[in-house]
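Enquirer: Handing over entry18.txt, compact mmCIF, C-alpha atoms.
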```
# COMPACT_ATOMS: atom_id res chain seq x y z
CA MET A 1 0.00 0.00 0.00
CA LYS A 2 2.83 2.35 0.90
CA TRP A 3 4.68 1.63 -2.38
CA LYS A 4 1.44 2.01 -4.30
CA LYS A 5 1.11 5.56 -2.89
CA ILE A 6 4.73 6.48 -3.64
CA PHE A 7 4.57 5.05 -7.17
CA ILE A 8 1.36 6.88 -8.06
CA TYR A 9 2.74 10.15 -6.60
CA ALA A 10 5.91 9.80 -8.72
CA ALA A 11 3.99 8.93 -11.90
CA ILE A 12 1.63 11.90 -11.49
CA ALA A 13 4.46 14.35 -10.73
CA CYS A 14 6.85 13.28 -13.54
CA CYS A 15 4.24 13.05 -16.30
CA ASN A 16 2.60 16.33 -15.28
CA GLY A 17 5.83 18.34 -15.04
CA THR A 18 7.41 16.96 -18.20
CA GLY A 19 4.18 17.42 -20.17
CA ASP A 20 3.91 21.12 -19.31
CA VAL A 21 7.53 21.79 -20.32
CA MET A 22 7.02 20.04 -23.68
CA LEU A 23 3.90 22.17 -24.29
CA LYS A 24 5.83 25.35 -23.54
CA ARG A 25 8.59 24.28 -25.92
CA GLY A 26 5.99 23.64 -28.63
CA MET A 27 4.16 26.93 -28.07
CA ASP A 28 7.51 28.76 -28.37
CA ASP A 29 7.78 27.37 -31.91
CA LEU A 30 4.23 28.46 -32.66
CA GLY A 31 4.51 32.07 -31.49
CA GLN A 32 1.85 34.19 -29.78
CA ILE A 33 -1.83 33.47 -30.33
CA GLN A 34 -3.72 36.66 -31.27
CA MET A 35 -7.45 37.21 -30.73
CA GLY A 36 -7.82 37.96 -34.48
CA ASN A 37 -6.59 34.55 -35.61
CA TRP A 38 -7.34 32.34 -32.61
CA THR A 39 -7.93 29.34 -34.93
CA HIS A 40 -4.14 29.37 -35.25
CA ILE A 41 -4.23 27.44 -31.94
CA PHE A 42 -5.34 24.28 -33.80
CA SER A 43 -2.06 24.14 -35.73
CA ALA A 44 -0.51 23.37 -32.33
CA PHE A 45 -1.62 19.76 -32.80
CA LEU A 46 0.85 19.35 -35.68
CA ASN A 47 3.88 20.33 -33.58
CA PRO A 48 5.93 17.30 -32.38
CA TRP A 49 6.67 18.90 -28.99
CA ILE A 50 2.96 19.49 -28.43
CA ILE A 51 2.21 15.89 -29.43
CA LEU A 52 4.89 14.65 -27.01
CA GLY A 53 3.50 16.92 -24.30
CA ILE A 54 -0.01 15.58 -24.87
CA ALA A 55 1.36 12.01 -24.61
CA CYS A 56 2.94 12.84 -21.23
CA LEU A 57 -0.25 14.50 -20.03
CA THR A 58 -2.28 11.45 -21.12
CA GLY A 59 -0.03 9.30 -18.89
CA PHE A 60 -0.57 11.84 -16.13
CA PHE A 61 -4.34 11.71 -16.59
CA TYR A 62 -4.44 7.92 -16.35
CA SER A 63 -2.41 7.86 -13.13
CA TYR A 64 -4.50 10.74 -11.77
CA LEU A 65 -7.76 8.86 -12.44
CA THR A 66 -6.36 5.71 -10.84
CA ALA A 67 -5.29 7.65 -7.75
CA LEU A 68 -8.67 9.40 -7.51
CA SER A 69 -10.45 6.04 -7.65
CA TRP A 70 -8.97 5.03 -4.28
CA ALA A 71 -7.88 8.29 -2.64
CA ASP A 72 -9.30 11.71 -1.66
CA LEU A 73 -8.95 14.66 -4.04
CA THR A 74 -7.10 16.61 -1.31
CA PHE A 75 -4.69 13.67 -1.00
CA VAL A 76 -3.97 13.47 -4.74
CA LEU A 77 -3.73 17.23 -5.41
CA PRO A 78 -0.29 17.70 -3.75
CA ALA A 79 1.09 15.11 -6.18
CA THR A 80 0.07 17.37 -9.06
CA ALA A 81 1.79 20.27 -7.23
CA MET A 82 4.93 18.12 -7.12
CA GLY A 83 4.73 18.31 -10.92
CA TYR A 84 5.62 22.02 -10.68
CA VAL A 85 8.84 21.05 -8.95
CA VAL A 86 9.60 18.83 -11.96
CA THR A 87 8.63 21.76 -14.23
CA ALA A 88 11.10 24.04 -12.40
CA VAL A 89 13.96 21.57 -12.83
CA TRP A 90 13.21 21.02 -16.52
CA SER A 91 12.75 24.79 -17.09
CA GLN A 92 16.31 25.34 -15.90
CA TYR A 93 18.04 22.52 -17.78
CA PHE A 94 15.91 22.23 -20.91
CA LEU A 95 14.26 25.62 -21.56
CA HIS A 96 17.23 27.49 -19.98
CA GLU A 97 14.99 29.74 -17.89
CA HIS A 98 16.81 31.13 -14.87
CA ILE A 99 15.72 29.59 -11.54
CA SER A 100 16.49 31.93 -8.63
CA MET A 101 17.01 31.08 -4.95
CA TRP A 102 13.39 32.19 -4.33
CA ARG A 103 12.16 29.62 -6.77
CA TRP A 104 14.28 26.86 -5.25
CA SER A 105 12.87 27.74 -1.80
CA GLY A 106 9.38 27.44 -3.34
CA VAL A 107 10.37 23.99 -4.58
CA LEU A 108 11.44 23.09 -1.04
CA LEU A 109 8.13 24.27 0.51
CA ILE A 110 6.05 22.33 -2.03
CA THR A 111 8.10 19.22 -1.31
CA CYS A 112 7.48 19.64 2.46
CA GLY A 113 3.73 20.07 1.89
CA VAL A 114 3.58 17.00 -0.33
CA GLY A 115 5.52 14.92 2.21
CA LEU A 116 3.11 16.01 4.94
CA VAL A 117 -0.02 14.89 3.06
CA ALA A 118 1.55 11.71 1.67
CA ARG A 119 2.24 10.47 5.21
CA GLY A 120 -1.39 10.91 6.27
CA PRO A 121 -4.46 8.80 5.50
CA SER A 122 -5.40 8.69 1.82
CA ARG A 123 -9.17 8.45 2.14
CA THR A 124 -11.95 10.00 4.22
CA GLU A 125 -14.09 7.36 5.95
CA HIS A 126 -17.65 8.45 6.56
CA PRO A 127 -18.68 6.63 9.76
CA GLU A 128 -22.24 7.95 9.62
CA LYS A 129 -22.70 6.35 6.21
CA ILE A 130 -21.54 2.97 7.55
CA VAL A 131 -23.99 3.28 10.47
CA GLU A 132 -26.74 4.23 8.02
CA LEU A 133 -25.92 1.21 5.85
CA GLU A 134 -25.95 -1.14 8.84
CA GLY A 135 -29.35 0.28 9.85
CA THR A 136 -30.77 -0.34 6.35
CA LYS A 137 -29.38 -3.88 6.36
CA ALA A 138 -30.98 -4.60 9.72
CA LYS A 139 -34.32 -3.25 8.50
CA ALA A 140 -34.13 -5.39 5.35
CA ALA A 141 -33.43 -8.48 7.42
CA GLU A 142 -36.41 -7.64 9.65
CA ILE A 143 -38.75 -7.31 6.66
CA GLN A 144 -37.43 -10.55 5.21
CA HIS A 145 -38.04 -12.27 8.53
CA GLU A 146 -41.63 -10.93 8.68
CA LEU A 147 -42.34 -12.09 5.15
CA ALA A 148 -41.07 -15.55 5.96
CA MET B 1 -2.31 44.87 -20.98
CA ASN B 2 -0.44 41.67 -21.70
CA LEU B 3 -0.40 40.87 -17.98
CA LEU B 4 -4.18 41.42 -17.80
CA LYS B 5 -4.65 39.00 -20.69
CA VAL B 6 -2.48 36.38 -18.98
CA TRP B 7 -4.38 36.69 -15.67
CA THR B 8 -7.78 36.52 -17.39
CA ALA B 9 -6.73 33.27 -19.05
CA ILE B 10 -5.41 32.01 -15.69
CA GLY B 11 -8.70 32.93 -13.93
CA MET B 12 -10.81 31.04 -16.46
CA LEU B 13 -8.39 28.13 -16.25
CA VAL B 14 -8.66 27.98 -12.43
CA VAL B 15 -12.48 27.91 -12.31
CA ALA B 16 -12.75 25.34 -15.09
CA SER B 17 -10.09 23.02 -13.74
CA SER B 18 -11.30 23.04 -10.09
CA THR B 19 -14.83 22.25 -11.21
CA GLY B 20 -13.41 19.51 -13.42
CA ASP B 21 -11.35 18.08 -10.54
CA ILE B 22 -14.33 17.92 -8.19
CA LEU B 23 -16.54 16.23 -10.79
CA LEU B 24 -13.72 13.84 -11.70
CA SER B 25 -13.17 12.85 -8.08
CA ALA B 26 -16.90 12.23 -7.61
CA ALA B 27 -17.05 10.19 -10.82
CA MET B 28 -14.04 8.01 -9.92
CA LYS B 29 -15.42 7.28 -6.44
CA ARG B 30 -18.63 6.01 -8.09
CA ILE B 31 -16.75 3.85 -10.59
CA GLY B 32 -14.53 2.25 -7.92
CA ASP B 33 -10.89 1.17 -7.64
CA LEU B 34 -9.40 1.21 -11.18
CA ASP B 35 -6.52 -1.09 -10.18
CA ALA B 36 -9.02 -3.70 -9.01
CA ILE B 37 -11.13 -3.36 -12.17
CA ARG B 38 -8.01 -3.68 -14.35
CA THR B 39 -6.73 -6.84 -12.67
CA GLU B 40 -10.20 -8.40 -12.75
CA HIS B 41 -11.63 -7.38 -16.12
CA GLY B 42 -8.67 -5.96 -18.08
CA PHE B 43 -7.63 -2.56 -19.36
CA LEU B 44 -10.43 -2.21 -21.92
CA ALA B 45 -13.05 -2.62 -19.21
CA VAL B 46 -11.45 0.28 -17.34
CA ILE B 47 -11.71 2.53 -20.39
CA ARG B 48 -15.27 1.39 -21.10
CA ARG B 49 -16.45 2.02 -17.54
CA VAL B 50 -14.77 5.38 -17.23
CA ALA B 51 -15.87 6.62 -20.68
CA SER B 52 -19.51 5.65 -20.11
CA ASN B 53 -19.80 7.62 -16.86
CA ARG B 54 -21.77 10.82 -17.45
CA LEU B 55 -20.19 12.72 -14.57
CA PHE B 56 -16.77 11.87 -16.00
CA LEU B 57 -17.74 13.24 -19.43
CA ILE B 58 -18.89 16.55 -17.94
CA ALA B 59 -15.64 16.74 -15.96
CA LEU B 60 -13.72 16.04 -19.15
CA GLY B 61 -15.53 18.94 -20.87
CA CYS B 62 -14.40 21.29 -18.06
CA LEU B 63 -10.83 20.00 -18.28
CA ILE B 64 -10.64 20.31 -22.06
CA PHE B 65 -11.81 23.91 -21.80
CA SER B 66 -9.19 24.57 -19.11
CA PHE B 67 -6.55 22.95 -21.35
CA PHE B 68 -7.27 25.47 -24.12
CA CYS B 69 -7.03 28.27 -21.56
CA LEU B 70 -3.66 26.80 -20.51
CA LEU B 71 -2.33 26.70 -24.09
CA THR B 72 -3.43 30.29 -24.61
CA ALA B 73 -1.93 31.48 -21.30
CA LEU B 74 1.34 29.65 -22.07
CA SER B 75 1.63 31.41 -25.42
CA TRP B 76 1.29 34.80 -23.66
CA GLY B 77 3.50 34.25 -20.59
CA ASP B 78 6.44 32.26 -19.17
CA ALA B 79 5.81 28.61 -18.27
CA SER B 80 7.40 29.33 -14.90
CA LEU B 81 4.77 32.02 -14.18
CA VAL B 82 1.63 30.54 -15.76
CA ALA B 83 2.03 26.97 -14.49
CA PRO B 84 2.62 27.82 -10.80
CA ALA B 85 0.15 30.74 -10.64
CA SER B 86 -2.71 28.69 -12.04
CA ALA B 87 -1.64 25.73 -9.90
CA SER B 88 -1.71 27.53 -6.57
CA LEU B 89 -5.10 29.11 -7.23
CA THR B 90 -6.57 25.83 -8.51
CA PHE B 91 -5.12 24.15 -5.43
CA ILE B 92 -6.94 26.39 -2.94
CA CYS B 93 -10.11 26.47 -4.99
CA SER B 94 -10.20 22.66 -5.24
CA ALA B 95 -9.37 22.11 -1.54
CA VAL B 96 -12.24 24.40 -0.49
CA MET B 97 -14.63 22.74 -2.95
CA ALA B 98 -13.50 19.26 -1.82
CA LYS B 99 -14.29 20.19 1.77
CA PHE B 100 -17.73 21.67 1.14
CA ILE B 101 -18.97 19.72 -1.89
CA LEU B 102 -17.31 16.31 -1.54
CA HIS B 103 -17.27 16.51 2.31
CA GLU B 104 -13.68 15.30 2.45
CA ASN B 105 -11.99 15.37 5.81
CA VAL B 106 -9.55 18.23 5.19
CA ASP B 107 -7.77 18.09 8.56
CA ARG B 108 -5.08 20.39 9.97
CA ARG B 109 -2.33 18.39 8.27
CA ARG B 110 -3.93 18.89 4.83
CA TRP B 111 -4.65 22.61 5.34
CA LEU B 112 -1.05 23.11 6.47
CA ALA B 113 0.17 21.23 3.41
CA ALA B 114 -2.15 23.30 1.20
CA ALA B 115 -0.71 26.50 2.70
CA LEU B 116 2.88 25.29 2.25
CA VAL B 117 2.21 24.30 -1.35
CA CYS B 118 0.54 27.65 -2.11
CA ILE B 119 3.38 29.68 -0.62
CA GLY B 120 5.85 27.45 -2.46
CA VAL B 121 4.02 27.94 -5.72
CA ALA B 122 3.86 31.71 -5.14
CA LEU B 123 7.63 31.70 -4.60
CA LEU B 124 8.05 29.76 -7.84
CA ALA B 125 6.14 32.53 -9.62
CA LYS B 126 8.36 35.24 -8.10
CA SER B 127 10.75 36.61 -10.69
CA ASN B 128 14.13 37.72 -9.42
```
Can I see the file as structure tokens?
Expert:
Amino acid sequence: MKWKKIFIYAAIACCNGTGDVMLKRGMDDLGQIQMGNWTHIFSAFLNPWIILGIACLTGFFYSYLTALSWADLTFVLPATAMGYVVTAVWSQYFLHEHISMWRWSGVLLITCGVGLVARGPSRTEHPEKIVELEGTKAKAAEIQHELA
Amino acid sequence: MNLLKVWTAIGMLVVASSTGDILLSAAMKRIGDLDAIRTEHGFLAVIRRVASNRLFLIALGCLIFSFFCLLTALSWGDASLVAPASASLTFICSAVMAKFILHENVDRRRWLAAALVCIGVALLAKSN
């Protein structure tokens, strides 16, 4: 269970961060979108970097859906934030944007926040719902008994 | 003017993607554990079940719209501003919606983490 959490966190973060950087690289090739010719945005789908970015984000989406199927949204969200740490690292080494000390301290804070949530429980249990369900079950059994 | 354009795109992106996240989370909870479905019925069954869920399709609509906002915002501003700025706002927006709409137990640990992540993301957006 613990490894499952770590693996899904890593998959979400890497795919998300890498995907965004690829998109930025592709949009740099494309140039600015103007309101006058907004249909220009559709030519983005022919750019290899955009296609690669979309592939990464598809991987992200699948891992995100899987995580959401067994964990709370507020548990999964920090994993997506971890993606921005990946984005920062790629921005420096691949897009050659300058990453200042401020930005690295931001990376550190996000990492702390993610670590905090990841160590906690992954899913909210609703005790009142369980009680409710037990009550319904008991009532059903009673009716069944009466019918018999 | 350019900054106003960027922030308008970011604002639309935040609302659309938080709504999408909430709907997505609700849809996935109804469908059930994807890992379990995959090991039992195979990968195609996962796709079939997810794609036939109406809540999921509405969520997807929201997310596609927010994706176009993201592409537009990225073409107007730096990736290192647009990505973190939209992220931190979406983060708070989604956490609040998760608490009040999905009734998730957002305890002190999660609020603290949310605050840390938001400050971290704001620092990421800070230019020198």
Enquirer: Compute the distance from (-0.4, 8.5, -9.8) to each atom, counting all atoms listed in the file, keep the residues with any atom at most 9 Å away, and return them as a ChimeraX atom specification; use the coordinates of the file.
Expert: /A:4-13,60-68,76,79-80
Enquirer: Identify all chain B residues at most 7 Å from chain A by counting all atoms listed in the file; ligands do not count. Present them as number ranges by chain.
Expert: B: 25, 28-29, 32-35, 72, 74-76, 79-80, 84, 87, 95, 98, 104-105, 109-110, 113-114, 116-117, 119-121, 123-124, 126, 128
Enquirer: Quick check, in Å to one decimal: how far apart do CA of Phe45 in chain A and CA of Asn16 in chain A lie?
Expert: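 Interatomic distance, CA of Phe45 in chain A to CA of Asn16 in chain A: 18.3 Å.
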Enquirer: Select, from B:Ile22, B:Val15, B:Leu60, B:Leu3, the residue with the minimum atom-to-atom distance to Thr90 in chain B, counting all atoms listed in the file.
Expert: B:Val15
Enquirer: Could you please determine the separation between CA of Cys69 in chain B and CA of Ala83 in chain B in Å, to one decimal place?
Expert: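 Between these atoms lies a distance of 11.6 Å.
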Enquirer: Could you state the separation of CA of Phe65 in chain B and CA of Ala45 in chain B in Å, given to one decimal place?
Expert: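 According to the coordinates, CA of Phe65 in chain B and CA of Ala45 in chain B are separated by 26.7 Å.
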Enquirer: Report as a ChimeraX atom specification all protein, DNA and RNA residues lying within 9 Å of Gly20 in chain B, evaluated on only C-alpha atoms, omitting residues in the same chain fewer than 5 positions from it.
Expert: /B:15,25,56,58-63,66
Enquirer: Which centre and edge lengths in Å to one decimal define the box along x, y and z that fits every listed atom of range 49-63 of chain A plus 5 Å per side, as AutoDock Vina command-line options?
Expert:
```
--center_x 1.1 --center_y 13.7 --center_z -21.3 --size_x 21.1 --size_y 21.6 --size_z 26.3
```
